[in-house]
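Q: run-v5.cif is reproduced in full below (mmCIF, C-alpha atoms).
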```cif
data_coords
#
loop_
_atom_site.label_atom_id
_atom_site.label_comp_id
_atom_site.auth_asym_id
_atom_site.auth_seq_id
_atom_site.Cartn_x
_atom_site.Cartn_y
_atom_site.Cartn_z
CA MET A 1287 39.64 38.29 -102.92
CA ASP A 1288 36.63 39.84 -101.17
CA LEU A 1289 34.39 41.54 -103.74
CA GLN A 1290 32.76 43.58 -100.98
CA GLU A 1291 35.91 45.72 -101.01
CA TYR A 1292 35.44 46.58 -104.70
CA VAL A 1293 33.04 48.66 -106.77
CA LEU A 1294 32.14 47.95 -110.38
CA VAL A 1295 33.76 50.38 -112.81
CA SER A 1296 30.51 50.63 -114.77
CA HIS A 1297 28.64 51.56 -111.57
CA LEU A 1298 31.21 54.25 -110.73
CA CYS A 1299 31.00 55.73 -114.19
CA THR A 1300 27.23 55.97 -113.92
CA GLN A 1301 27.27 57.32 -110.37
CA TYR A 1302 29.94 59.98 -111.06
CA ALA A 1303 28.75 60.71 -114.62
CA ILE A 1304 32.16 60.02 -116.13
CA GLU A 1305 33.22 58.15 -119.24
CA GLN A 1306 34.95 54.82 -118.79
CA SER A 1307 37.73 56.13 -121.03
CA PHE A 1308 38.45 58.85 -118.44
CA LEU A 1309 38.73 56.27 -115.70
CA TYR A 1310 41.05 54.10 -117.80
CA SER A 1311 43.18 57.11 -118.70
CA LEU A 1312 43.62 57.74 -114.96
CA GLN A 1313 44.81 54.16 -114.67
CA ASP A 1314 47.16 54.58 -117.66
CA ASN A 1315 48.71 57.59 -115.90
CA GLY A 1316 49.18 55.66 -112.64
CA LEU A 1317 46.61 57.62 -110.66
CA ILE A 1318 44.30 54.70 -109.82
CA VAL A 1319 44.42 50.92 -110.11
CA VAL A 1320 41.62 49.07 -111.88
CA THR A 1321 41.39 45.39 -110.96
CA THR A 1322 39.93 42.82 -113.33
CA ILE A 1323 38.20 39.85 -111.73
CA ASP A 1324 36.51 37.29 -113.99
CA ARG A 1325 36.67 39.70 -116.96
CA VAL A 1326 34.87 42.43 -114.98
CA ASP A 1327 36.65 45.66 -113.99
CA TYR A 1328 36.51 46.88 -110.41
CA LEU A 1329 37.99 49.68 -108.35
CA HIS A 1330 39.06 48.96 -104.77
CA LEU A 1331 37.31 51.06 -102.12
CA ASP A 1332 40.71 52.47 -101.09
CA GLU A 1333 40.95 54.09 -104.55
CA LEU A 1334 37.68 56.04 -104.25
CA GLY A 1335 39.27 59.03 -102.52
CA SER A 1336 41.85 59.40 -105.28
CA LEU A 1337 39.22 58.97 -107.96
CA GLU A 1338 36.95 61.61 -106.43
CA LYS A 1339 39.85 64.04 -106.09
CA MET A 1340 40.81 63.56 -109.75
CA ILE A 1341 37.20 64.00 -110.88
CA ARG A 1342 36.89 67.27 -108.92
CA ILE A 1343 40.14 68.63 -110.33
CA ASN A 1344 39.15 67.57 -113.84
CA ARG A 1345 35.76 69.26 -113.59
CA ASP A 1346 36.97 72.40 -111.81
CA LEU A 1347 40.11 73.03 -113.87
CA HIS A 1348 39.18 71.23 -117.12
CA VAL A 1349 42.47 69.35 -117.34
CA ASP A 1350 43.12 65.98 -118.94
CA ALA A 1351 44.41 62.84 -117.26
CA ALA A 1352 48.06 63.55 -118.13
CA ALA A 1353 47.87 66.95 -116.44
CA LEU A 1354 46.09 65.33 -113.50
CA GLY A 1355 49.16 63.15 -113.05
CA VAL A 1356 51.36 66.23 -112.75
CA ILE A 1357 48.91 67.88 -110.35
CA ALA A 1358 48.66 64.73 -108.23
CA GLY A 1359 52.46 64.58 -108.01
CA LEU A 1360 52.65 68.20 -106.90
CA LEU A 1361 49.90 67.66 -104.30
CA GLN A 1362 51.81 64.65 -102.96
CA GLN A 1363 54.99 66.74 -102.69
CA ILE A 1364 53.10 69.44 -100.80
CA GLU A 1365 51.69 66.85 -98.39
CA ASN A 1366 55.16 65.37 -97.84
CA LEU A 1367 56.64 68.81 -97.16
CA GLN A 1368 53.85 69.64 -94.72
CA ASN A 1369 54.47 66.38 -92.86
CA GLU A 1370 58.20 67.11 -92.75
CA LEU A 1371 57.55 70.64 -91.50
CA ASN A 1372 55.28 69.33 -88.73
CA ALA A 1373 57.92 66.79 -87.71
CA MET A 1374 60.56 69.55 -87.56
CA ARG A 1375 58.25 71.77 -85.50
CA ASN A 1376 57.65 68.93 -83.05
CA HIS A 1377 61.39 68.26 -82.87
CA LEU A 1378 62.10 71.95 -82.28
CA ALA A 1379 59.43 72.10 -79.57
CA LEU A 1380 61.30 69.37 -77.67
CA TYR A 1381 64.46 71.49 -77.59
CA GLU A 1382 62.63 74.72 -76.74
CA GLY A 1383 60.92 72.97 -73.85
CA GLU A 1384 64.22 72.09 -72.12
#
```
Just dump the structure as structure tokens.

A:
Amino acid sequence: MDLQEYVLVSHLCTQYAIEQSFLYSLQDNGLIVVTTIDRVDYLHLDELGSLEKMIRINRDLHVDAAALGVIAGLLQQIENLQNELNAMRNHLALYEGE
């Protein structure tokens, strides 16, 4: 496992001015994955985008981690529907071009 692909949880909490309990509640709700290596908790760099999105929503809307799970699910559904709509538009454009 390459530690260069991970960031210390304690460093993230300091940098983003969040409590570790908030970060672990995001993990408990399935929004991020915290990895423990040699008894030290890390977050993979791929998780940073999700973490930042959840922090912004939490700060802007003042919602807890459980509500963030619902919001994240709805945002994912919107993204899926937008992708499906784009695919249908592209498919329709093929038939209109004939």

Q: Evaluate the PyMOL selection byres ((chain A and resi 1354) around 10) here and jot the selected residues down as JSON, numbers by chain.

A: {"A": [1312, 1315, 1317, 1339, 1340, 1341, 1343, 1344, 1347, 1348, 1349, 1350, 1351, 1352, 1353, 1355, 1356, 1357, 1358, 1359, 1360]}

Q: For the file shown, what are the residues hit by the PyMOL selection byres ((chain A and resi 1290) around 12), laid out as a PyMOL selection string?

A: chain A and resi 1287-1289+1291-1294+1328-1332

Q: Quote the spacing between CA of Glu1333 in chain A and CA of Ile1318 in chain A in Å to one decimal place.

A: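 Answer for the CA of Glu1333 in chain A to CA of Ile1318 in chain A separation: 6.3 Å.
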
Q: What is the distance, in Å and to one decimal place, between CA of Arg1342 in chain A and CA of Asn1372 in chain A?

A: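 Between CA of Arg1342 in chain A and CA of Asn1372 in chain A the gap works out to 27.4 Å.
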
Q: Tell me which of A:Leu1367, A:Leu1380, A:Leu1334, A:Met1374 sits closest to Tyr1302 in chain A, counting all atoms listed in the file.

A: A:Leu1334

Q: For CA of Gln1301 in chain A and CA of Thr1321 in chain A, quote the distance in Å rounded to one decimal.

A: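 CA of Thr1321 in chain A lies 18.5 Å from CA of Gln1301 in chain A.
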
Q: The PyMOL selection byres ((chain A and resi 1295) around 9) - which residues does that actually catch in the file I just gave you? List them as a list of chain:residue names.

A: A:Val1293, A:Leu1294, A:Ser1296, A:His1297, A:Leu1298, A:Cys1299, A:Thr1300, A:Gln1306, A:Leu1309, A:Val1320, A:Val1326, A:Asp1327, A:Tyr1328, A:Leu1329
